[in-house]
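Trainee: File target-v6.txt follows (compact mmCIF, C-alpha atoms):
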```
# COMPACT_ATOMS: atom_id res chain seq x y z
CA MET A 94 8.39 -115.98 81.67
CA THR A 95 9.42 -114.44 78.34
CA SER A 96 6.69 -116.31 76.48
CA LYS A 97 4.10 -115.23 79.07
CA LYS A 98 5.07 -111.54 78.70
CA ILE A 99 4.87 -111.75 74.91
CA ASN A 100 1.40 -113.33 75.07
CA THR A 101 0.22 -110.69 77.54
CA ASN A 102 1.42 -107.87 75.27
CA ARG A 103 -0.15 -109.52 72.22
CA LYS A 104 -3.51 -109.63 74.01
CA ARG A 105 -3.14 -105.93 74.81
CA ILE A 106 -2.37 -105.23 71.15
CA ASP A 107 -5.46 -107.20 70.09
CA ALA A 108 -7.62 -105.14 72.46
CA ILE A 109 -6.12 -101.88 71.16
CA ASP A 110 -6.65 -103.01 67.54
CA THR A 111 -10.33 -103.60 68.28
CA LYS A 112 -10.64 -100.09 69.74
CA ILE A 113 -8.80 -98.59 66.74
CA LEU A 114 -11.12 -100.42 64.33
CA ASP A 115 -14.16 -99.13 66.20
CA LEU A 116 -12.85 -95.55 66.10
CA ILE A 117 -12.01 -95.84 62.39
CA GLN A 118 -15.56 -96.95 61.61
CA LYS A 119 -16.98 -94.11 63.74
CA ARG A 120 -14.80 -91.66 61.81
CA ALA A 121 -15.98 -93.19 58.53
CA SER A 122 -19.64 -92.86 59.57
CA LEU A 123 -19.14 -89.16 60.33
CA ALA A 124 -17.41 -88.64 56.97
CA LYS A 125 -20.29 -90.40 55.21
CA GLU A 126 -22.79 -88.19 57.05
CA ILE A 127 -20.87 -85.07 55.95
CA GLY A 128 -21.01 -86.37 52.37
CA ASN A 129 -24.78 -86.79 52.55
CA ILE A 130 -25.17 -83.24 53.88
CA LYS A 131 -23.05 -81.91 51.00
CA LYS A 132 -25.12 -83.82 48.43
CA LYS A 133 -28.35 -82.41 49.88
CA ASN A 134 -26.87 -78.91 49.63
CA SER A 135 -26.10 -79.29 45.90
CA TYR A 136 -22.35 -79.89 45.92
CA SER A 137 -22.32 -80.63 42.18
CA ASN A 138 -18.54 -80.66 41.74
CA LYS A 139 -16.97 -83.86 43.05
CA ALA A 140 -13.72 -82.05 43.72
CA MET A 141 -15.54 -79.88 46.27
CA PHE A 142 -15.78 -82.94 48.51
CA TYR A 143 -12.00 -82.86 48.78
CA ARG A 144 -10.69 -79.92 50.83
CA PRO A 145 -6.88 -79.62 50.57
CA ALA A 146 -6.65 -76.98 53.32
CA ARG A 147 -8.70 -79.11 55.73
CA GLU A 148 -6.62 -82.24 55.06
CA SER A 149 -3.34 -80.33 55.42
CA SER A 150 -4.46 -78.93 58.78
CA ILE A 151 -5.43 -82.40 60.03
CA ILE A 152 -2.03 -83.87 59.11
CA ARG A 153 -0.09 -80.90 60.47
CA ASN A 154 -1.91 -81.01 63.83
CA LEU A 155 -1.36 -84.77 64.17
CA ILE A 156 2.35 -84.43 63.46
CA LYS A 157 2.55 -81.63 66.03
CA LYS A 158 1.04 -83.97 68.63
CA ASN A 159 3.12 -87.00 67.65
CA SER A 160 5.54 -88.09 70.38
CA GLY A 161 6.73 -91.34 68.73
CA PRO A 162 8.00 -93.97 68.47
CA ILE A 163 6.34 -94.03 65.01
CA THR A 164 7.93 -91.32 62.86
CA ASP A 165 6.10 -88.26 61.54
CA LYS A 166 6.49 -89.56 57.97
CA LYS A 167 4.77 -92.85 58.80
CA ILE A 168 2.03 -91.11 60.80
CA LYS A 169 1.38 -88.95 57.76
CA PHE A 170 1.17 -92.03 55.51
CA ILE A 171 -1.22 -93.86 57.87
CA PHE A 172 -3.62 -90.93 58.16
CA LYS A 173 -3.43 -90.11 54.43
CA GLU A 174 -4.75 -93.62 53.77
CA LEU A 175 -7.40 -93.28 56.47
CA ILE A 176 -8.58 -89.92 55.12
CA SER A 177 -8.57 -91.33 51.58
CA ALA A 178 -10.70 -94.32 52.61
CA CYS A 179 -13.19 -92.10 54.46
CA LEU A 180 -13.38 -89.60 51.58
CA SER A 181 -14.21 -92.41 49.16
CA LEU A 182 -17.40 -92.99 51.17
CA GLU A 183 -18.42 -89.42 50.34
CA GLN A 184 -17.18 -89.46 46.74
CA GLN A 185 -14.37 -91.32 44.98
CA LEU A 186 -11.97 -88.92 43.30
CA ASN A 187 -10.71 -89.45 39.75
CA ILE A 188 -7.01 -88.49 39.54
CA ALA A 189 -5.23 -88.04 36.20
CA PHE A 190 -1.45 -88.51 36.12
CA LEU A 191 1.39 -89.13 33.69
CA GLY A 192 1.14 -92.85 33.08
CA PRO A 193 1.30 -95.69 32.60
CA LEU A 194 0.92 -97.52 35.90
CA GLY A 195 4.15 -98.38 37.66
CA THR A 196 5.75 -94.94 37.31
CA HIS A 197 6.80 -92.47 40.02
CA SER A 198 3.74 -90.39 39.06
CA GLU A 199 1.50 -93.20 40.31
CA GLY A 200 3.50 -93.11 43.54
CA ALA A 201 2.89 -89.36 43.78
CA VAL A 202 -0.87 -89.92 43.50
CA LYS A 203 -0.79 -92.43 46.36
CA ASN A 204 1.48 -90.19 48.42
CA HIS A 205 -0.88 -87.22 48.15
CA PHE A 206 -4.37 -88.72 47.79
CA GLY A 207 -3.96 -92.20 49.26
CA SER A 208 -5.02 -95.41 47.54
CA SER A 209 -8.82 -95.04 47.63
CA VAL A 210 -9.07 -93.03 44.40
CA LYS A 211 -9.63 -93.90 40.75
CA PHE A 212 -6.26 -93.93 38.98
CA ASN A 213 -6.43 -92.35 35.52
CA PRO A 214 -3.05 -92.71 33.73
CA ARG A 215 -2.56 -90.43 30.70
CA ILE A 216 -0.05 -90.44 27.85
CA SER A 217 1.32 -86.91 28.37
CA ILE A 218 1.38 -83.96 30.76
CA ASP A 219 -0.76 -82.01 28.28
CA ASP A 220 -3.31 -84.82 28.40
CA VAL A 221 -3.43 -84.60 32.22
CA PHE A 222 -4.22 -80.87 32.00
CA ASN A 223 -6.86 -81.49 29.32
CA GLN A 224 -8.54 -84.11 31.54
CA VAL A 225 -8.77 -81.61 34.41
CA LYS A 226 -9.90 -78.76 32.15
CA ALA A 227 -12.70 -80.90 30.71
CA GLU A 228 -13.59 -82.06 34.26
CA SER A 229 -13.12 -85.67 33.16
CA SER A 230 -10.80 -85.91 36.17
CA ASP A 231 -11.22 -84.12 39.48
CA PHE A 232 -7.50 -83.39 39.86
CA GLY A 233 -4.25 -84.08 38.08
CA ILE A 234 -0.74 -84.72 39.36
CA VAL A 235 2.29 -83.83 37.22
CA PRO A 236 6.05 -83.61 37.88
CA MET A 237 7.26 -80.03 38.40
CA GLU A 238 10.97 -80.27 39.14
CA ASN A 239 13.69 -82.71 40.13
CA SER A 240 16.43 -81.90 42.63
CA SER A 241 19.18 -82.92 40.20
CA GLU A 242 17.69 -82.40 36.73
CA GLY A 243 15.71 -79.22 37.36
CA VAL A 244 12.33 -78.05 36.07
CA VAL A 245 10.02 -80.09 33.79
CA ASN A 246 9.46 -77.83 30.78
CA SER A 247 6.19 -79.45 29.66
CA THR A 248 4.61 -78.65 33.03
CA LEU A 249 5.69 -74.99 32.86
CA ASN A 250 4.23 -74.73 29.35
CA CYS A 251 0.92 -76.21 30.48
CA LEU A 252 0.72 -73.88 33.48
CA THR A 253 1.09 -71.01 31.01
CA ASP A 254 -1.42 -72.35 28.47
CA PHE A 255 -4.19 -73.69 30.74
CA ASP A 256 -6.36 -71.67 33.11
CA ILE A 257 -6.05 -74.27 35.87
CA LYS A 258 -5.02 -73.80 39.50
CA ILE A 259 -2.24 -75.45 41.47
CA CYS A 260 -4.04 -76.98 44.47
CA GLY A 261 -1.22 -78.79 46.24
CA GLU A 262 2.24 -80.31 46.08
CA THR A 263 3.98 -83.50 47.12
CA TYR A 264 7.59 -84.70 47.11
CA ILE A 265 8.70 -88.19 46.14
CA ASP A 266 12.07 -89.78 46.89
CA ILE A 267 13.38 -91.01 43.55
CA ASN A 268 15.45 -94.19 43.65
CA HIS A 269 16.49 -95.66 40.31
CA ASN A 270 17.49 -99.25 39.65
CA LEU A 271 19.06 -101.03 36.69
CA ALA A 272 17.02 -104.03 35.57
CA GLY A 273 16.34 -106.37 32.68
CA SER A 274 14.70 -109.61 31.68
CA ALA A 275 15.51 -112.91 33.38
CA LYS A 276 18.11 -113.70 30.67
CA SER A 277 19.76 -110.27 30.68
CA SER A 278 23.34 -109.56 31.78
CA LEU A 279 25.59 -106.53 32.03
CA LYS A 280 28.10 -107.99 29.56
CA ALA A 281 25.47 -108.61 26.86
CA THR A 282 23.87 -105.17 27.19
CA LYS A 283 23.62 -103.11 23.99
CA LYS A 284 21.16 -100.42 25.11
CA VAL A 285 19.89 -98.77 28.29
CA ALA A 286 16.35 -97.38 28.12
CA SER A 287 14.36 -95.04 30.35
CA HIS A 288 12.61 -91.68 30.47
CA SER A 289 15.02 -88.84 29.65
CA GLN A 290 14.74 -87.46 33.20
CA ALA A 291 15.71 -90.84 34.71
CA LEU A 292 18.65 -91.23 32.31
CA GLY A 293 19.84 -87.75 33.23
CA GLN A 294 19.59 -88.47 36.95
CA CYS A 295 21.81 -91.56 36.51
CA ALA A 296 24.17 -90.19 33.85
CA LYS A 297 27.39 -90.43 35.90
CA TRP A 298 26.69 -93.96 37.12
CA LEU A 299 25.87 -95.17 33.60
CA GLU A 300 28.97 -93.51 32.16
CA LYS A 301 31.16 -95.19 34.76
CA ASN A 302 29.59 -98.65 34.73
CA LEU A 303 28.20 -98.96 31.19
CA PRO A 304 30.40 -96.67 29.06
CA ASN A 305 29.69 -96.34 25.31
CA ILE A 306 26.36 -98.14 25.67
CA GLU A 307 23.55 -96.53 23.67
CA ARG A 308 20.89 -94.78 25.75
CA VAL A 309 17.30 -94.86 24.54
CA ALA A 310 14.82 -92.23 25.76
CA THR A 311 11.27 -93.54 26.22
CA SER A 312 7.99 -91.80 27.02
CA SER A 313 7.96 -93.39 30.48
CA THR A 314 9.94 -95.74 32.70
CA SER A 315 7.18 -98.33 32.26
CA GLU A 316 7.71 -98.29 28.48
CA ALA A 317 11.42 -98.86 29.13
CA ALA A 318 10.53 -101.81 31.38
CA GLU A 319 8.44 -103.36 28.58
CA LEU A 320 11.34 -102.95 26.13
CA ALA A 321 13.78 -104.62 28.51
CA LYS A 322 11.34 -107.42 29.24
CA SER A 323 11.02 -108.26 25.53
CA ASP A 324 14.72 -107.92 24.63
CA SER A 325 17.49 -109.32 26.85
CA SER A 326 20.09 -107.00 25.26
CA ILE A 327 18.25 -103.95 26.64
CA LEU A 328 18.42 -102.90 30.28
CA CYS A 329 16.17 -100.25 31.84
CA VAL A 330 16.38 -97.65 34.59
CA VAL A 331 13.21 -98.03 36.66
CA SER A 332 11.74 -97.97 40.16
CA GLU A 333 11.44 -100.99 42.47
CA HIS A 334 7.68 -100.86 41.88
CA ALA A 335 8.23 -101.24 38.12
CA ILE A 336 10.64 -104.16 38.67
CA SER A 337 7.98 -105.94 40.72
CA ARG A 338 5.13 -105.07 38.33
CA HIS A 339 7.01 -106.23 35.20
CA LYS A 340 8.81 -109.15 36.91
CA LEU A 341 12.31 -107.97 35.98
CA LYS A 342 15.74 -109.01 37.27
CA CYS A 343 17.54 -106.25 39.17
CA HIS A 344 21.23 -105.72 38.35
CA ALA A 345 21.94 -102.67 40.55
CA ASN A 346 20.06 -100.66 43.18
CA ASN A 347 20.03 -96.90 43.79
CA ILE A 348 22.08 -95.87 40.77
CA GLN A 349 20.98 -92.21 40.85
CA ASP A 350 23.92 -89.78 40.92
CA PHE A 351 22.63 -88.01 44.06
CA LEU A 352 21.35 -89.95 47.06
CA ASP A 353 18.93 -87.22 48.12
CA ASN A 354 17.15 -87.31 44.77
CA LYS A 355 13.60 -85.94 44.97
CA THR A 356 10.92 -84.90 42.51
CA ARG A 357 8.33 -82.30 43.36
CA PHE A 358 4.88 -83.00 41.93
CA ILE A 359 2.07 -80.46 41.79
CA VAL A 360 -1.66 -81.09 42.08
CA VAL A 361 -3.75 -79.19 39.51
CA GLY A 362 -7.49 -78.62 39.61
CA ASN A 363 -10.37 -76.21 39.12
CA GLN A 364 -10.75 -74.93 42.68
CA GLU A 365 -9.15 -72.26 44.80
CA VAL A 366 -7.71 -73.48 48.10
CA SER A 367 -8.40 -71.57 51.31
CA ARG A 368 -5.69 -70.41 53.71
CA THR A 369 -4.09 -72.70 56.29
CA GLY A 370 -1.45 -70.33 57.71
CA PHE A 371 1.28 -72.54 56.18
CA ASP A 372 0.89 -71.83 52.48
CA LYS A 373 2.81 -71.43 49.25
CA THR A 374 1.79 -69.34 46.24
CA SER A 375 2.91 -69.84 42.64
CA LEU A 376 2.92 -66.80 40.35
CA LEU A 377 3.46 -66.22 36.64
CA ILE A 378 4.79 -62.69 36.11
CA GLN A 379 5.41 -61.30 32.63
CA THR A 380 7.59 -58.21 32.21
CA VAL A 381 9.27 -56.37 29.36
CA ASN A 382 12.75 -57.74 28.64
CA GLN A 383 14.91 -54.91 29.96
CA PRO A 384 17.83 -54.45 32.39
CA GLY A 385 16.82 -54.66 36.05
CA ALA A 386 13.42 -56.29 35.43
CA LEU A 387 14.09 -59.20 37.79
CA VAL A 388 15.76 -57.00 40.43
CA SER A 389 12.70 -54.74 40.41
CA LEU A 390 10.40 -57.74 40.95
CA LEU A 391 12.46 -59.21 43.77
CA SER A 392 12.68 -55.90 45.60
CA LYS A 393 8.89 -55.97 46.11
CA PHE A 394 9.10 -59.33 47.90
CA LYS A 395 12.06 -58.16 49.98
CA LYS A 396 10.15 -55.05 51.01
CA GLU A 397 7.35 -57.20 52.48
CA ASP A 398 9.81 -59.76 53.91
CA ILE A 399 8.34 -62.62 51.85
CA ASN A 400 10.59 -65.64 51.35
CA LEU A 401 10.96 -67.11 47.84
CA HIS A 402 11.19 -70.86 47.22
CA ARG A 403 11.90 -70.92 43.49
CA ILE A 404 12.45 -68.62 40.50
CA GLU A 405 12.37 -69.83 36.91
CA THR A 406 12.68 -67.52 33.91
CA ARG A 407 12.20 -67.99 30.19
CA PRO A 408 11.28 -65.91 27.13
CA SER A 409 7.54 -65.53 26.63
CA ARG A 410 6.08 -67.65 23.83
CA GLN A 411 3.30 -65.12 23.27
CA THR A 412 5.17 -61.79 23.27
CA ALA A 413 8.56 -61.37 21.58
CA ASP A 414 10.04 -58.74 23.92
CA SER A 415 8.79 -60.17 27.22
CA HIS A 416 10.06 -62.63 29.80
CA ASN A 417 8.02 -64.97 32.00
CA PHE A 418 9.07 -65.36 35.62
CA PHE A 419 7.67 -68.36 37.50
CA ILE A 420 7.95 -67.59 41.21
CA ASP A 421 7.04 -69.73 44.23
CA CYS A 422 6.83 -67.80 47.48
CA GLU A 423 5.61 -68.24 51.03
CA GLY A 424 2.11 -67.13 51.93
CA HIS A 425 -1.39 -67.17 50.46
CA SER A 426 -2.55 -64.80 47.71
CA LYS A 427 -5.18 -63.46 50.14
CA ASP A 428 -2.56 -62.58 52.77
CA LYS A 429 -2.22 -58.81 53.10
CA LYS A 430 1.55 -58.77 52.50
CA LEU A 431 1.40 -60.84 49.34
CA LYS A 432 -1.61 -58.90 48.04
CA ASN A 433 0.44 -55.70 48.44
CA VAL A 434 3.28 -57.23 46.40
CA ILE A 435 0.97 -58.39 43.61
CA ASP A 436 -0.83 -55.04 43.45
CA GLU A 437 2.44 -53.10 43.33
CA ILE A 438 3.85 -55.26 40.51
CA ARG A 439 0.64 -54.85 38.51
CA ASN A 440 0.66 -51.10 39.08
CA LYS A 441 4.13 -51.02 37.49
CA GLY A 442 2.64 -52.45 34.29
CA ALA A 443 3.62 -56.11 34.61
CA PHE A 444 1.21 -58.98 34.00
CA VAL A 445 0.61 -61.15 37.08
CA ARG A 446 -1.31 -64.42 37.10
CA ILE A 447 -1.84 -66.34 40.32
CA LEU A 448 -1.23 -69.97 39.40
CA GLY A 449 -2.46 -71.08 42.80
CA SER A 450 -2.15 -70.83 46.56
CA TYR A 451 -2.00 -74.13 48.40
CA PRO A 452 -0.76 -75.79 51.61
CA LEU A 453 3.00 -75.99 51.98
CA GLU A 454 3.99 -79.67 51.95
CA THR A 455 4.19 -80.91 55.54
```
Could I get this file's structure written as structure tokens?

Mentor:
Amino acid sequence: MTSKKINTNRKRIDAIDTKILDLIQKRASLAKEIGNIKKKNSYSNKAMFYRPARESSIIRNLIKKNSGPITDKKIKFIFKELISACLSLEQQLNIAFLGPLGTHSEGAVKNHFGSSVKFNPRISIDDVFNQVKAESSDFGIVPMENSSEGVVNSTLNCLTDFDIKICGETYIDINHNLAGSAKSSLKATKKVASHSQALGQCAKWLEKNLPNIERVATSSTSEAAELAKSDSSILCVVSEHAISRHKLKCHANNIQDFLDNKTRFIVVGNQEVSRTGFDKTSLLIQTVNQPGALVSLLSKFKKEDINLHRIETRPSRQTADSHNFFIDCEGHSKDKKLKNVIDEIRNKGAFVRILGSYPLET
């Protein structure tokens, strides 16, 4: 009886799979038709085929309707891949990111854009911005901040120096692992290599388990993996993906100091994103370095009851007596309340640059 019930359910699954496949292909045909219409109407910029606000609304509505048993996170992943595959029929996007392959940045690209894009790994965050500026890539993805190590300074500098918009954001769970070549061992270890951010995120674990071992900062976790692969006295702190890609031996899993370790990545591009009703805006505000400057800024947001997500401050590199405030807040720059705040700050003599308004990560 048990075997009969299993076979019956398997036949039902097969029938449902056939229906799903048919619906997927119908969706793909409609996407392809939309792409042809856009091409006929002179959509010259490939990035214009990708609409962040539209995709965010699709995902948000699906999650709202989801009643399980598949989790919201997995539903999001499934439909991201479906949307990515359909979009590639219209136009394949070229995405620049901090390479090489096998890093968390590659994971961020897949998390946000799906797998049906052209992966364009670059040697630095500056190089990612240059690719987008020159329109050699449609979008770029760069790390913005980590929950334990804080902001990525190179990204803040590039946001200041380049006239490029933030078009989206995505969060990646960061799990670090200690690995080495097939002949490596903890006792024979002389060095531990990784990107400085990864070493910082595992500092307490390394101090406890590998005290007095030299730490080597590399340009990427993939470079660290290559070092460890070629020298059995060197271990590396890398992702599971890197261990698999480089065929390394894992000595310890999840060695990050904080279990809920996440990195926020931002999507940068040359387009402005329309409103979704669930948006975030990033601002660069420059004021004279004087007492009460920050309090004065924050009072404007409080007056309009606008919630702030993040504030970062640093001396301006262009003007000696000024400070730059990087502020992430709720809302879209075209929302009336936020427009009032921006106008009022500008009227007080401060410089305000809208770095981008984009969908709040679902």

Trainee: Rounded to one decimal in Å, what is the spacing between atom CA of Val330 of chain A and atom CA of Glu238 of chain A?

Mentor: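 According to the coordinates, atom CA of Val330 of chain A and atom CA of Glu238 of chain A are separated by 18.8 Å.
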
Trainee: List as a ChimeraX atom specification the protein and nucleic acid residues near segment 420-422 of chain A, meaning an atom at most 6 Å away when only C-alpha atoms are counted, but skip any in the same chain fewer than 5 places from it.

Mentor: /A:373-376,400-404

Trainee: Counting only C-alpha atoms, what is within 12 Å of Gly243 of chain A, bar same-chain residues fewer than 5 positions away, as a short mmCIF file (atom, residue, chain, number, x, y, z; two decimals) with C-alpha atoms, in the frame of the given file?

Mentor:
```
data_model
loop_
_atom_site.label_atom_id
_atom_site.label_comp_id
_atom_site.auth_asym_id
_atom_site.auth_seq_id
_atom_site.Cartn_x
_atom_site.Cartn_y
_atom_site.Cartn_z
CA PRO A 236 6.05 -83.61 37.88
CA MET A 237 7.26 -80.03 38.40
CA GLU A 238 10.97 -80.27 39.14
CA THR A 248 4.61 -78.65 33.03
CA LEU A 249 5.69 -74.99 32.86
CA GLN A 290 14.74 -87.46 33.20
CA ALA A 291 15.71 -90.84 34.71
CA GLY A 293 19.84 -87.75 33.23
CA GLN A 294 19.59 -88.47 36.95
CA ASN A 354 17.15 -87.31 44.77
CA LYS A 355 13.60 -85.94 44.97
CA THR A 356 10.92 -84.90 42.51
CA ARG A 357 8.33 -82.30 43.36
CA ARG A 403 11.90 -70.92 43.49
CA ILE A 404 12.45 -68.62 40.50
CA GLU A 405 12.37 -69.83 36.91
#
```

Trainee: Hey, what's within 6 Å of segment 381-395 of chain A if we count only C-alpha atoms and toss same-chain stuff fewer than 6 positions away? As a list in words, please?

Mentor: Asp414, Ser415, His416 and Val434 of chain A

Trainee: May I ask which of the residues A:Lys166, A:Lys131, A:His269, A:Lys258 is the closest one to Thr314 of chain A, counting only C-alpha atoms?

Mentor: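 Looking at the shortest contact to Thr314 of chain A, the residue is A:His269.
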
Trainee: If we count all atoms listed in the file, what is near segment 297-312 of chain A at a cut-off of 9 Å, once residues fewer than 2 positions away on the same chain are taken out, given as a short mmCIF file (atom, residue, chain, number, x, y, z; two decimals) with C-alpha atoms, keeping the file's coordinate frame?

Mentor:
```cif
data_model
loop_
_atom_site.label_atom_id
_atom_site.label_comp_id
_atom_site.auth_asym_id
_atom_site.auth_seq_id
_atom_site.Cartn_x
_atom_site.Cartn_y
_atom_site.Cartn_z
CA ILE A 216 -0.05 -90.44 27.85
CA SER A 217 1.32 -86.91 28.37
CA LEU A 279 25.59 -106.53 32.03
CA THR A 282 23.87 -105.17 27.19
CA LYS A 283 23.62 -103.11 23.99
CA LYS A 284 21.16 -100.42 25.11
CA VAL A 285 19.89 -98.77 28.29
CA ALA A 286 16.35 -97.38 28.12
CA SER A 287 14.36 -95.04 30.35
CA HIS A 288 12.61 -91.68 30.47
CA SER A 289 15.02 -88.84 29.65
CA GLN A 290 14.74 -87.46 33.20
CA LEU A 292 18.65 -91.23 32.31
CA GLY A 293 19.84 -87.75 33.23
CA GLN A 294 19.59 -88.47 36.95
CA CYS A 295 21.81 -91.56 36.51
CA THR A 314 9.94 -95.74 32.70
CA SER A 315 7.18 -98.33 32.26
CA GLU A 316 7.71 -98.29 28.48
CA ALA A 317 11.42 -98.86 29.13
CA ILE A 348 22.08 -95.87 40.77
CA GLN A 349 20.98 -92.21 40.85
CA ASP A 350 23.92 -89.78 40.92
#
```

Trainee: Using all atoms listed in the file, pick whichever of A:Glu437, A:Asp266, A:Asp256, A:Glu454 has the shortest atom-to-atom distance to Asn239 of chain A.

Mentor: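 Of A:Glu437, A:Asp266, A:Asp256, A:Glu454, the one nearest Asn239 of chain A, counting all atoms listed in the file, is A:Asp266.
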
Trainee: Quote the spacing between atom CA of Ala189 of chain A and atom CA of Ile327 of chain A in Å to one decimal place.

Mentor: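 So the two atoms, atom CA of Ala189 of chain A and atom CA of Ile327 of chain A, lie 29.9 Å apart.
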
Trainee: Smallest atom-to-atom distance to Ala443 of chain A: which of A:Ile378, A:Glu397, A:Glu242, A:Ile99, using only C-alpha atoms?

Mentor: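 Closest to Ala443 of chain A, using only C-alpha atoms: A:Ile378.
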